[in-house]
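Report on the structure given below.
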Amino acid sequence: MMDAPARSRAISLEVNGEQIEMEVQARRLLVHFIRDDLGLTGTHVGCDTGNCGACTIHLDGEPVKSCMALAVQADGAKIRTVEGLAAEGELTPLQQAFNTHHALQCGYCTPGMLMSATALLERTPHPTEEEVRYALQGNLCRCTGYVNIVEAVIAVGGSA
Amino acid sequence: MLLREVDYARPATVEEAISLLAKYEGARPLAGGQTIVNVMKARVAAPDVLVDLADLDELRTIGFSSDGLLEIGAMVTYTQLMGSSEVEVARPILAEVASTIADVQVRNRGTVGGNVCVSDPTNHLPPLLTTLGATFTIQGGSGERTVSAEEFFIGVYVTAVGEGELLTKIGVPPSSGSGDGFAGVTIGKHGTYIVNAAATISGDGARIALGCVGATPVRATAMEERLAGSDFSEESIRSAADGLGASLDPPSDVHGSSDFRRHLAEVSAVRAVSQAAERRTGA
Amino acid sequence: MTTVTEQPTTTLKRGYVGQSIPRKEDRRLVQGLGTFFDDVRRHGMGYVHFVRSPYAHAKIVSIDVSKALELEGVYGTITGDEVAIHTDPFFEMSVEPGGNIKDYALAVGRVRFMGEPVAAVCAATRELARDAADLVEVDYDPLPVLVDAEESLKDDVVLHDDAGSNVVWSGVFNWGDVDEALAEADHVVKIDRLHFHRFSSTPLECAGALVEYDKGTGEWTLTCNHQMPGVGAIWMAPALRTGIDKLRFVTHDIGGGFGNKICLHPQYVVLCLMARKLGRPVQWTEWRTDQHTANAHGNERTFLDVEVAVKADGTMTGFKVKALDDCGAFPRYEPLGCIIWAQVTPGLYGWRNIQVDFTQVCTNKSPVSPNRGYSRMQHLWLTERIIDIVATELGLDPVDVRKKNYVKAEQMPYETPNGCFYDSGDYAAALDIALDLIDYGSIEQRRKEAASRGKLLGFGIGSTLDSGTNNFGQSTLLNPDLQFSGNNEAASVKLDIFGEVVVTIGTVPQGQGHETTAAQVVADILGCPPEQVNVRRGHDTWFNSHAGFSGTYASQFAFTGLGAVKGAAELVREDMIQLAAAVLQAPAEAIELADGFARIKDGPEEAALPFMALGAIVNANNAFFPPDFNPTLNHRYVCRPNFGMVDTEKKTGQLTLTYATQIHAALVEIDPETGEVEIVDYAAVDDCGVRINPQIVEGQVHGATAHAIGAALSEEFVYDEEGTLLTANFYDYHVPHAMDMPPLKTGAMESPSPVAPLGAKGMGEGGGGGIHCIGAAIQDALQAAGKAIVYTSCNPPHRVWSMLQDPEATRANVEVVSK
């Protein structure tokens with residue numbers, strides 16, 4: 001039977017290892033679903049045009065901008081947010097490196113940066129500076145000039 | 001940032017998708033959503049129904065047709081294009097250009113079909129596919145048709161895909177010794193193009209198309225003609241480009257006047273053609 | 001990264017202060033566990049959306065909210081008419097005519113810029129609030145639009161009828177005798193026009209607040225990201241016809257501010273009215289497009305009729321200029337921008353004869369507000385442009401001419417012509433570090449190499465000062481009736497029952513690491529590790545930890561913020577010593593605080609009290625104290641620097657306290673075919689005196705540099721003739737991303753401030769060094785292709801291409817008259 005168009009939809013997805021079932025409006029952006037409906041406020045909104053990357057999450061293992069997807073599009077998907085990085089409060093090497101290298105100031109872009117950099121390191125464990133900059137191009141930071149962010153990511157690769 | 005109410009459906013087959021698009025007035029296909037969701041956030045456009053193509057796996061494949069054409073499904077993402085061995089063998093410029101579109105996150109969601117169906121004059125793929133001589137397969141309730149790039153791109157945000165129709169795949173001839181080039185000027189690295197140019201040089205001569213200078217890709221036909229039989233030395237390419245700018249009527253905006261775009265069109269065309277010439281292997 | 005660190009000349013004892021200890025803030029932030037205002041929810045709260053003007057200038061004929069109110073889930077609306085009834089216009093700082101402007105929280109009767117809020121709606125969800133906003137019907141009658149400051153000056157169209165003129169403020173600043181200097185000069189270099197463009201730091205978190213009204217007490221609580229709540233309250237309370245004590249500002253983590261979150265009072269007043277009207281918590285989150293269109297731009301300033309007096313040997317003795325500042329539709333904080341540049345009147349140079357004829361006007365553009373480098377950056381850009389234009393015109397070397405004209409290290413502390421004191425620094429030495437970092441000796445060779453690739457290489461210097469800690473007395477230069485002077489900041493330190501050291505600060509940080517640096521200072525004073533010091537996050541008016549001008553702005557934390565922390569910690573330390581002396585029955589002089597203990601110096605091991613014992617005795621076990629013995633272990637301290645009063649006649653006085661130095665140097669390559677500019681080498685040298693935490697200092701240098709690079713090459717708020725902002729999002733307003741940023745080399749010097757409590761100078765803002773050095777480098781590169789003069793602070797490809805096409809048009813701006 002064909003799926004008839006509807007204003008809302010019951011979706012089922014895995015978020016940070018937890019199974020979620022919820023009815024959402026078709027117009028609900030994935031980022032608002034994550035922040036407002038699931039209360040995972042680590043994922044941020046920094047723009048309204050998909051440029052800044054503060055809302056970056058992993059959707060089925062790939063970094064994507066959750067402000068450019070509808071929650072209904074995530075039906076059946078696996079999502080990881082920044083809250084899913086540090087298991088039991090144990091910081092990942094990347095999170096630790098962000099602290100050691102002073103790779104954050106206001107911390108608003110940080111969750112998105114971490115999600116993009118984590119995806120990079122999963123694919124390319126020892127990235128070059130050029131690869132790091134390429135992987136982080138979709139994440140804007142207005143505090144750091146990226147210097148220490150790039151340094152932190154490279155350092156994790158070097159120590160891996 | 002916040003969308004108007006919209007109905008959403010996620011069909012399981014291409015046929016279902018087409019019948020939904022045909023049945024509901026104001027229905028639009030939703031591919032990667034990297035443009036349409038943005039447009040809806042701004043409430044500049046507000047389709048009544050979104051038909052999500054996410055489950056149409058047959059549109060996510062890259063392969064070869066029986067006559068050797070590289071066939072790219074409309075739902076193939078830029079990231080997929082970049083990692084495809086078929087693309088690398090048949091037409092590597094596609095992966096090269098895809099790797100400069102926006103950023104990692106956008107490339108993970110954005111699709112080839114979405115890029116061309118949006119027909120934004122600043123997009124990368126329309127001029128490139130124009131020079132590559134790509135063909136576009138459109139499926140509707142009454143069957144399938146295939147059109148050329150010149151027929152496909154009709155205007156800003158308007159293509160040959162009609163109501164109740166769906167772009168299913170794009171066919172690209174393999175390079176077979178030809179050289180492809182792409183050049184332009186962006187707002188920041190890998191940003192929106194101010195002007196771009198794509199070029200292909202094969203035994204049939206040069207094909208050159210410009211982006212951002214008109215509603216649809218503009219073929220530099222006079223320059224192509226002047227390059228017929230050329231040795232593709234820098235000097236001959238430059239002299240062939242002479243007058244190209246004057247033949248155009250590009251828009252003015254905050255990133256450049258019409259004059260600046262005319263000038264950049266010549267510079268970009270020269271650079272794209274030079275790159276293509278260097279890359280010929282069959283010459 | 002190259003870091004060159006000169007030997008510090010300070011004699012201050014260093015413990016944790018001076019170390020790059022990793023930040024305490026980070027642990028929560030890297031886990032997504034920070035709390036930003038939009039993360040906070042309240043039961044039954046409504047979401048607010050503003051209806052904004054699509055016109056830059058229009059009469060509001062009517063507003064009809066009935067359709068919005070009919071929509072299910074809509075809680076209510078507020079329009080300008082209600083605002084005019086229930087509030088008073090905001091306090092205006094300027095004298096007449098600007099002082100007569102009536103600025104309400106929503107447009108009343110007329111809109112004056114695109115995006116100006118005309119009504120607000122509140123609904124059950126974010127989406128519904130926007131749906132309802134779309135249903136509000138506003139009928140406008142368009143008026144002629146002013147987008148050019150020089151047009152505004154003519155007053156053919158007047159934005160504010162109450163003022164009767166578009167001029168907000170004007171005044172002539174005259175120090176020394178510039179006419180005599182020009183008469184005695186060997187060369188007079190004249191520059192018709194220079195333009196400093198509109199941009200802003202665009203913090204990644206937009207503005208917003210959650211506002212609750214307590215009907216029983218008449219108090220509002222604003223969980224928000226205002227970066228200067230004290231000043232926010234001074235605006236808001238009178239407008240709301242209430243007392244300042246009825247406004248409680250709470251901030252947690254703030255996603256960047258850079259000055260752009262100082263002028264949020266109009267929107268916040270609307271939220272207060274809405275919360276009171278509806279009897280429910282209301283929340284507003286600004287979206288990026290709104291932020292760009294209608295929140296806070298940096299000052300746009302045009303410099304006209306510049307004349308510079310130059311001696312035959314390249315010594316510059318003075319300059320005169322007419323400065324025309326465009327503050328957008330409402331001045332708000334902004335008239336202060338007419339004055340604040342004077343903190344750095346001569347830039348880094350020794351010229352003594354300076355005349356600035358300053359005028360600020362309104363236009364139909366977004367209001368401006370402080371923005372990193374506020375008002376000084378524009379003026380320093382002028383001084384740096386002057387130096388490089390003079391150098392280019394007279395064939396002087398940009399390094400030599402700077403060294404010749406810089407204020408010398410041996411002149412420190414140096415009194416400027418307008419009575420400010422440059423406290424310390426060695427500009428020529430800092431320049432040498434920058435030149436080393438960039439390998440200055442190889443430039444001509446690199447120029448040739450670039451030319452062989454068809455590129456134009458250019459070198460440029462930007463030398464700037466970051467003046468720290470405002471003397472609000474400078475506002476009396478604007479308006480002698482203003483009752484503002486000096487500055488202050490508060491902090492409290494206590495030792496709690498179980499030995500916890502708890503610090504509250506008034507500074508409302510937005511990423512500057514105050515929790516860490518304050519802990520370093522306290523740890524050194526109390527003799528414990530920084531991990532033992534808990535610096536409370538953010539700001540809460542109820543903690544009474546703030547003073548009148550509390551906030552993080554004007555590069556002053558290192559002075560007033562840490563000065564207050566130091567003062568409070570020393571009072572607690574004194575209590576701890578007195579208490580330990582009493583308990584251990586030893587003289588106070590014999591007690592030392594170290595390693596988390598109060599103990600007798602060189603005494604037996606058992607003659608030591610852990611902090612826990614001290615805290616427990618004072619807080620829970622104190623009956624044995626003699627009547628006149630009352631250590632509290634809980635102190636508030638207000639750091640109030642000495643400024644003296646400002647002379648409003650001569651326009652002189654100590655306008656600020658510390659002067660950090662930044663010397664930036666850039667090498668750029670221009671593609672002459674496209675006008676694209678690539679930065680191929682970059683060095684930033686910073687001297688902010690004692691560095692409390694060098695890593696944090698360096699982070700601020702990186703950030704300020706990135707802002708400057710963005711501003712120099714792409715970030716620009718551009719309006720069309722109808723007053724439509726053409727760069728309202730991050731596509732068109734391009735900020736540098738990781739691939740755009742060149743590698744940065746950084747260097748540092750430490751010239752401790754003789755006036756600051758810790759020898760540390762404020763340094764967060766920087767002076768826009770990147771804007772100056774990139775502009776200079778572009779001009780240098782263009783000398784090989786038509787010799788254009790760089791006349792504007794933003795040079796994206798199309799502008800560089802125009803300079804290459806028509807260099808004469810830029811050169812027509814400049815004239816040299818030699819004797």
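Every chain in the structure tokens takes a letter, A first, then B, and so on in the order presented; its residues are numbered from 1, and the ligands are numbered from 1 following the presented order.
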query: Near Gly256 in chain B, counting only C-alpha atoms, which residues have an atom at most 9 Å away, once you skip same-chain residues fewer than 3 positions from it, shown as an NGL selection string?
result: (:B and (194 or 251-253 or 259-261)) or (:C and (797-799))
Could you please take those selected residues and save all heavy atoms as a CSV table (one decimal), in the first residue's frame?
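Dumped everything to selection-v1.csv:
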```csv
chain,number,residue,atom,x,y,z
B,194,ILE,N,31.2,32.9,-8.2
B,194,ILE,CA,30.9,34.2,-8.8
B,194,ILE,C,30.8,34.0,-10.3
B,194,ILE,O,29.8,34.5,-10.9
B,194,ILE,CB,31.9,35.2,-8.4
B,194,ILE,CG1,32.0,35.4,-6.9
B,194,ILE,CG2,31.6,36.6,-9.1
B,194,ILE,CD1,33.2,36.2,-6.4
B,251,PRO,N,24.5,38.9,-14.7
B,251,PRO,CA,23.9,39.8,-13.7
B,251,PRO,C,24.9,40.5,-12.8
B,251,PRO,O,26.1,40.1,-12.8
B,251,PRO,CB,23.1,38.8,-12.8
B,251,PRO,CG,23.8,37.5,-12.9
B,251,PRO,CD,24.4,37.5,-14.3
B,252,SER,N,24.5,41.6,-12.2
B,252,SER,CA,25.3,42.3,-11.2
B,252,SER,C,24.8,41.9,-9.8
B,252,SER,O,23.6,41.9,-9.7
B,252,SER,CB,25.2,43.8,-11.4
B,252,SER,OG,26.0,44.2,-12.5
B,253,ASP,N,25.7,41.7,-8.9
B,253,ASP,CA,25.2,41.6,-7.5
B,253,ASP,C,26.3,42.0,-6.6
B,253,ASP,O,27.3,42.6,-7.0
B,253,ASP,CB,24.7,40.2,-7.2
B,253,ASP,CG,25.8,39.2,-7.3
B,253,ASP,OD1,27.0,39.5,-7.2
B,253,ASP,OD2,25.5,38.0,-7.3
B,259,ASP,N,30.2,43.7,-15.5
B,259,ASP,CA,31.5,43.8,-16.1
B,259,ASP,C,32.5,42.8,-15.5
B,259,ASP,O,33.3,42.2,-16.3
B,259,ASP,CB,32.0,45.2,-16.0
B,259,ASP,CG,31.5,46.1,-17.1
B,259,ASP,OD1,30.9,45.6,-18.0
B,259,ASP,OD2,31.7,47.3,-17.0
B,260,PHE,N,32.5,42.8,-14.2
B,260,PHE,CA,33.5,41.9,-13.6
B,260,PHE,C,33.2,40.4,-14.0
B,260,PHE,O,34.1,39.7,-14.3
B,260,PHE,CB,33.4,42.0,-12.0
B,260,PHE,CG,34.4,41.2,-11.2
B,260,PHE,CD1,35.7,41.3,-11.5
B,260,PHE,CD2,34.0,40.5,-10.1
B,260,PHE,CE1,36.6,40.5,-10.8
B,260,PHE,CE2,34.9,39.7,-9.4
B,260,PHE,CZ,36.2,39.8,-9.7
B,261,ARG,N,31.9,40.1,-14.0
B,261,ARG,CA,31.6,38.7,-14.4
B,261,ARG,C,32.0,38.5,-15.9
B,261,ARG,O,32.4,37.4,-16.3
B,261,ARG,CB,30.1,38.4,-14.2
B,261,ARG,CG,29.8,38.2,-12.8
B,261,ARG,CD,28.4,37.5,-12.6
B,261,ARG,NE,28.2,37.0,-11.2
B,261,ARG,CZ,27.9,37.7,-10.2
B,261,ARG,NH1,27.7,39.0,-10.3
B,261,ARG,NH2,27.8,37.2,-9.0
C,797,PRO,N,37.5,40.2,-4.2
C,797,PRO,CA,38.0,40.2,-5.5
C,797,PRO,C,37.5,41.3,-6.4
C,797,PRO,O,38.3,41.9,-7.1
C,797,PRO,CB,37.6,38.8,-6.1
C,797,PRO,CG,37.5,38.0,-4.8
C,797,PRO,CD,37.0,38.9,-3.7
C,798,HIS,N,36.2,41.6,-6.4
C,798,HIS,CA,35.7,42.6,-7.3
C,798,HIS,C,36.3,44.0,-7.1
C,798,HIS,O,36.5,44.8,-8.0
C,798,HIS,CB,34.2,42.7,-7.3
C,798,HIS,CG,33.6,43.2,-6.1
C,798,HIS,ND1,33.3,44.5,-5.9
C,798,HIS,CD2,33.1,42.6,-5.0
C,798,HIS,CE1,32.7,44.7,-4.7
C,798,HIS,NE2,32.6,43.5,-4.1
C,799,ARG,N,36.6,44.3,-5.8
C,799,ARG,CA,37.2,45.6,-5.5
C,799,ARG,C,38.6,45.7,-5.9
C,799,ARG,O,39.1,46.7,-6.4
C,799,ARG,CB,37.0,45.9,-4.0
C,799,ARG,CG,36.9,47.4,-3.7
C,799,ARG,CD,36.2,47.6,-2.4
C,799,ARG,NE,34.7,47.6,-2.5
C,799,ARG,CZ,33.9,47.2,-1.5
C,799,ARG,NH1,34.5,46.8,-0.3
C,799,ARG,NH2,32.6,47.2,-1.6
```
Using only C-alpha atoms, which protein or nucleic acid residues come within 10 Å of Leu248 in chain B? Drop anything in the same chain fewer than 6 positions from it, and give the result as a PDB file with C-alpha atoms, in the first residue's frame.
```pdb
ATOM      1  CA  LEU B 210      29.853  29.075 -18.345  1.00  0.00           C
ATOM      2  CA  VAL B 213      26.382  34.409 -16.256  1.00  0.00           C
ATOM      3  CA  GLY B 214      22.833  33.553 -17.236  1.00  0.00           C
ATOM      4  CA  VAL B 218      25.850  29.414 -21.424  1.00  0.00           C
ATOM      5  CA  ALA B 220      30.766  29.691 -25.416  1.00  0.00           C
ATOM      6  CA  SER B 258      28.174  42.518 -14.746  1.00  0.00           C
ATOM      7  CA  ASP B 259      31.494  43.792 -16.130  1.00  0.00           C
ATOM      8  CA  ARG B 261      31.588  38.713 -14.450  1.00  0.00           C
ATOM      9  CA  ARG B 262      32.222  39.287 -18.155  1.00  0.00           C
ATOM     10  CA  HIS B 263      35.907  39.531 -17.396  1.00  0.00           C
ATOM     11  CA  ALA B 265      34.056  34.522 -17.730  1.00  0.00           C
TER      12      ALA B 265
END
```
Do you have, as CSV, the list of residues of chain C lying at most 8 Å from chain A, each with its nearest atom pair and that distance in Å to one decimal, counting only C-alpha atoms and ordered by chain then number?
```
residue,atom,partner,partner_atom,distance
C:Pro22,CA,A:Thr100,CA,5.6
C:Arg23,CA,A:Asn99,CA,6.7
C:Asp26,CA,A:Asn99,CA,5.8
C:Arg27,CA,A:Asn99,CA,7.4
C:Leu29,CA,A:Gly107,CA,5.6
C:Val30,CA,A:Gln95,CA,5.8
C:Gln31,CA,A:Glu83,CA,5.7
C:Gly32,CA,A:Gly42,CA,3.8
C:Leu33,CA,A:Gly42,CA,6.0
C:Gly34,CA,A:Gly42,CA,7.2
C:Asp39,CA,A:Thr41,CA,5.7
C:Ser201,CA,A:Arg142,CA,7.4
C:Thr202,CA,A:Arg142,CA,7.5
C:Pro203,CA,A:Arg142,CA,6.1
C:Leu204,CA,A:Gly46,CA,5.1
C:Glu205,CA,A:Gly46,CA,5.3
C:Cys206,CA,A:Gly46,CA,6.8
C:Asp253,CA,A:Cys106,CA,7.5
C:Ile254,CA,A:Cys106,CA,6.5
C:Gly255,CA,A:Tyr108,CA,5.0
C:Gly256,CA,A:Cys106,CA,5.5
C:Trp287,CA,A:Asp48,CA,6.3
C:Arg288,CA,A:Cys47,CA,4.7
C:Thr289,CA,A:Asp48,CA,6.9
C:Gln510,CA,A:Cys106,CA,5.5
C:Gly511,CA,A:Cys106,CA,3.5
C:Gln512,CA,A:Gln105,CA,6.2
C:Gly513,CA,A:Gln105,CA,7.0
C:Gln695,CA,A:His102,CA,7.0
C:Ile696,CA,A:His102,CA,7.3
C:Gly699,CA,A:Thr144,CA,5.9
C:Gln700,CA,A:Thr144,CA,7.1
C:His702,CA,A:Gly145,CA,5.2
C:Gly703,CA,A:Thr144,CA,4.4
C:Ala704,CA,A:Cys143,CA,7.7
C:Thr705,CA,A:Gly145,CA,7.1
C:Ala706,CA,A:Gly145,CA,4.9
C:His707,CA,A:Arg142,CA,7.3
C:Asn729,CA,A:Thr49,CA,7.1
C:Phe730,CA,A:Asn51,CA,6.2
C:Tyr731,CA,A:Asn51,CA,7.2
C:Val735,CA,A:Leu140,CA,7.9
C:Pro736,CA,A:Leu140,CA,7.7
C:His737,CA,A:Gln137,CA,5.6
C:Ala738,CA,A:Arg133,CA,5.1
C:Met739,CA,A:Arg133,CA,5.4
C:Met741,CA,A:Gly145,CA,7.1
C:Pro743,CA,A:Val147,CA,7.5
C:Leu744,CA,A:Val147,CA,7.4
```
- request: Give me every strand (DSSP E or B) residue in range 19-258 of chain B, going by DSSP on the backbone, as number ranges by chain.
  value: B: 27-30, 49-52, 62-64, 70-73, 77, 111, 135-140, 143-148, 153-155, 158-159, 166-172, 179-186, 193-202, 205-211, 218-219, 253, 256
- prompt: Tell me, which residues of range 19-91 of chain B carry DSSP helix (DSSP H, G or I), written as JSON, numbers by chain?
  reply: {"B": [19, 20, 21, 22, 23, 36, 37, 38, 39, 40, 41, 57, 58, 59, 60, 78, 79, 80, 81, 82, 83, 85, 86, 87, 88, 89, 90]}
Please tabulate, as JSON lines, the residues of chain B that come within 7 Å of chain A, each with its closest pair of atoms and the distance in Å to one decimal, counting only C-alpha atoms and ordering rows by chain, then residue number upward.
```
{"residue": "B:Met1", "atom": "CA", "partner": "A:Asp48", "partner_atom": "CA", "distance": 5.2}
{"residue": "B:Leu3", "atom": "CA", "partner": "A:Arg27", "partner_atom": "CA", "distance": 5.7}
{"residue": "B:Arg4", "atom": "CA", "partner": "A:Arg27", "partner_atom": "CA", "distance": 6.7}
{"residue": "B:Glu5", "atom": "CA", "partner": "A:Arg27", "partner_atom": "CA", "distance": 5.8}
{"residue": "B:Val6", "atom": "CA", "partner": "A:Arg7", "partner_atom": "CA", "distance": 5.9}
{"residue": "B:Asp7", "atom": "CA", "partner": "A:Arg7", "partner_atom": "CA", "distance": 4.5}
{"residue": "B:Tyr8", "atom": "CA", "partner": "A:Pro5", "partner_atom": "CA", "distance": 4.7}
{"residue": "B:Ala9", "atom": "CA", "partner": "A:Pro5", "partner_atom": "CA", "distance": 4.3}
{"residue": "B:Arg10", "atom": "CA", "partner": "A:Asp3", "partner_atom": "CA", "distance": 6.4}
{"residue": "B:Pro11", "atom": "CA", "partner": "A:Asp3", "partner_atom": "CA", "distance": 5.9}
{"residue": "B:Glu16", "atom": "CA", "partner": "A:Met2", "partner_atom": "CA", "distance": 6.8}
{"residue": "B:Gly33", "atom": "CA", "partner": "A:Ala69", "partner_atom": "CA", "distance": 6.5}
{"residue": "B:Gln34", "atom": "CA", "partner": "A:Met68", "partner_atom": "CA", "distance": 5.9}
{"residue": "B:Val37", "atom": "CA", "partner": "A:Met68", "partner_atom": "CA", "distance": 5.8}
{"residue": "B:Asn38", "atom": "CA", "partner": "A:Thr49", "partner_atom": "CA", "distance": 5.8}
{"residue": "B:Val49", "atom": "CA", "partner": "A:Pro5", "partner_atom": "CA", "distance": 6.8}
{"residue": "B:Asp103", "atom": "CA", "partner": "A:Gly138", "partner_atom": "CA", "distance": 4.9}
{"residue": "B:Val104", "atom": "CA", "partner": "A:Ala135", "partner_atom": "CA", "distance": 6.2}
{"residue": "B:Gln105", "atom": "CA", "partner": "A:Val64", "partner_atom": "CA", "distance": 4.3}
{"residue": "B:Val106", "atom": "CA", "partner": "A:Val64", "partner_atom": "CA", "distance": 6.7}
{"residue": "B:Asn108", "atom": "CA", "partner": "A:Val64", "partner_atom": "CA", "distance": 6.6}
{"residue": "B:Arg109", "atom": "CA", "partner": "A:Val64", "partner_atom": "CA", "distance": 7.0}
```
task: Mind checking which residues fall within 9 Å of Gly110 in chain B, counting only C-alpha atoms, ignoring those fewer than 6 positions away in the same chain, and posting them as a count of residues only?
output: 10
Residues within 7 Å of range 128-141 of chain B, only C-alpha atoms, excluding chain neighbours under 6 positions, as a short mmCIF file (atom, residue, chain, number, x, y, z; two decimals) with N, CA, C and O atoms, in the first residue's frame:
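As a result, selection.cif now contains:
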```
data_model
loop_
_atom_site.label_atom_id
_atom_site.label_comp_id
_atom_site.auth_asym_id
_atom_site.auth_seq_id
_atom_site.Cartn_x
_atom_site.Cartn_y
_atom_site.Cartn_z
N ILE B 18 6.27 8.77 -8.53
CA ILE B 18 5.71 9.51 -9.67
C ILE B 18 4.21 9.66 -9.52
O ILE B 18 3.65 10.73 -9.79
N SER B 19 3.56 8.62 -9.02
CA SER B 19 2.11 8.76 -8.89
C SER B 19 1.75 9.76 -7.79
O SER B 19 0.78 10.50 -7.90
N VAL B 147 16.72 13.64 -22.34
CA VAL B 147 16.96 14.93 -22.98
C VAL B 147 18.42 15.34 -22.79
O VAL B 147 19.11 14.83 -21.90
N SER B 148 18.87 16.25 -23.61
CA SER B 148 20.24 16.78 -23.50
C SER B 148 20.27 17.87 -22.45
O SER B 148 19.23 18.36 -22.00
N ALA B 149 21.48 18.28 -22.07
CA ALA B 149 21.63 19.35 -21.08
C ALA B 149 20.97 20.63 -21.59
O ALA B 149 20.31 21.34 -20.84
N GLU B 150 21.15 20.90 -22.88
CA GLU B 150 20.58 22.12 -23.44
C GLU B 150 19.06 22.12 -23.31
O GLU B 150 18.43 23.15 -23.11
N VAL B 161 12.03 18.73 -16.20
CA VAL B 161 11.23 17.82 -15.39
C VAL B 161 9.89 18.48 -15.09
O VAL B 161 9.84 19.51 -14.42
N GLY B 164 4.61 15.84 -12.00
CA GLY B 164 4.34 14.41 -12.07
C GLY B 164 5.47 13.63 -12.72
O GLY B 164 5.29 12.49 -13.12
N GLU B 165 6.63 14.27 -12.83
CA GLU B 165 7.79 13.59 -13.40
C GLU B 165 8.95 13.58 -12.41
O GLU B 165 8.98 14.37 -11.48
N LEU B 166 9.89 12.71 -12.70
CA LEU B 166 11.05 12.57 -11.83
C LEU B 166 12.30 12.35 -12.69
O LEU B 166 12.28 11.55 -13.63
N LEU B 167 13.34 13.07 -12.35
CA LEU B 167 14.64 12.78 -12.97
C LEU B 167 15.15 11.50 -12.32
O LEU B 167 15.25 11.42 -11.09
N THR B 168 15.49 10.51 -13.11
CA THR B 168 15.94 9.24 -12.51
C THR B 168 17.43 9.02 -12.66
O THR B 168 18.07 8.49 -11.76
N LYS B 169 17.99 9.43 -13.77
CA LYS B 169 19.44 9.22 -13.92
C LYS B 169 20.03 10.18 -14.94
O LYS B 169 19.33 10.75 -15.76
N ILE B 170 21.34 10.29 -14.82
CA ILE B 170 22.09 11.15 -15.73
C ILE B 170 23.13 10.27 -16.42
O ILE B 170 23.85 9.51 -15.75
N GLY B 171 23.19 10.38 -17.73
CA GLY B 171 24.17 9.60 -18.49
C GLY B 171 25.31 10.49 -18.92
O GLY B 171 25.11 11.59 -19.43
N VAL B 172 26.54 10.01 -18.70
CA VAL B 172 27.71 10.80 -19.09
C VAL B 172 28.62 9.93 -19.95
O VAL B 172 28.99 8.81 -19.54
N PRO B 173 28.96 10.42 -21.14
CA PRO B 173 29.87 9.63 -21.97
C PRO B 173 31.23 9.51 -21.29
O PRO B 173 31.71 10.50 -20.72
N ALA B 198 33.33 25.39 -17.45
CA ALA B 198 33.71 24.00 -17.65
C ALA B 198 34.13 23.83 -19.10
O ALA B 198 33.61 24.52 -19.98
N ALA B 199 35.09 22.97 -19.32
CA ALA B 199 35.54 22.76 -20.70
C ALA B 199 35.88 21.29 -20.93
O ALA B 199 36.37 20.62 -20.02
N THR B 200 35.61 20.84 -22.11
CA THR B 200 35.99 19.49 -22.52
C THR B 200 36.61 19.59 -23.91
O THR B 200 36.06 20.27 -24.78
N ARG B 207 34.28 21.91 -26.07
CA ARG B 207 32.95 22.33 -25.61
C ARG B 207 33.18 23.13 -24.33
O ARG B 207 33.87 22.68 -23.42
N ILE B 208 32.61 24.31 -24.28
CA ILE B 208 32.83 25.20 -23.14
C ILE B 208 31.48 25.71 -22.66
O ILE B 208 30.65 26.12 -23.48
N ALA B 209 31.26 25.65 -21.35
CA ALA B 209 30.03 26.21 -20.80
C ALA B 209 30.36 27.05 -19.58
O ALA B 209 31.23 26.71 -18.79
#
```
- prompt: Do you know which residues are at most 7 Å from Arg110 in chain C counting only C-alpha atoms, after dropping those on the same chain fewer than 3 positions away, and could you put them as a list of chain:residue names?
  reply: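 Skipping anything fewer than 3 positions along the chain leaves C:Ala58, C:Lys59, C:Ile60, C:Ala107.
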Output file for the residues above (C-alpha atoms, as a tab-separated table (two decimals), in the first residue's frame):
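Produced file result.tsv, reproduced below:
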```tsv
chain	number	residue	atom	x	y	z
C	58	ALA	CA	8.09	53.70	6.01
C	59	LYS	CA	5.14	54.97	7.95
C	60	ILE	CA	3.15	52.26	9.68
C	107	ALA	CA	8.67	50.56	15.98
```
List as CSV every residue of chain B that is in contact with chain C, defined as an atom at most 8 Å from one of its atoms (using only C-alpha atoms), together with the nearest atom pair and the distance in Å rounded to one decimal, sorted by chain and then rising number.
```
residue,atom,partner,partner_atom,distance
B:Met1,CA,C:Trp287,CA,6.9
B:Leu2,CA,C:Glu127,CA,5.4
B:Leu3,CA,C:Glu127,CA,6.7
B:Arg4,CA,C:Asp131,CA,6.9
B:Val185,CA,C:Thr674,CA,7.4
B:Ile187,CA,C:His734,CA,6.9
B:Gly188,CA,C:Asp740,CA,6.4
B:Lys189,CA,C:Asp740,CA,6.0
B:Gly191,CA,C:Tyr731,CA,7.8
B:Thr192,CA,C:Tyr731,CA,7.2
B:Val254,CA,C:Leu726,CA,6.7
B:His255,CA,C:His798,CA,6.7
B:Gly256,CA,C:His798,CA,5.5
B:Ser257,CA,C:His798,CA,7.7
B:Phe260,CA,C:His798,CA,6.6
B:Leu264,CA,C:Thr674,CA,6.5
B:Val267,CA,C:Glu673,CA,6.8
```
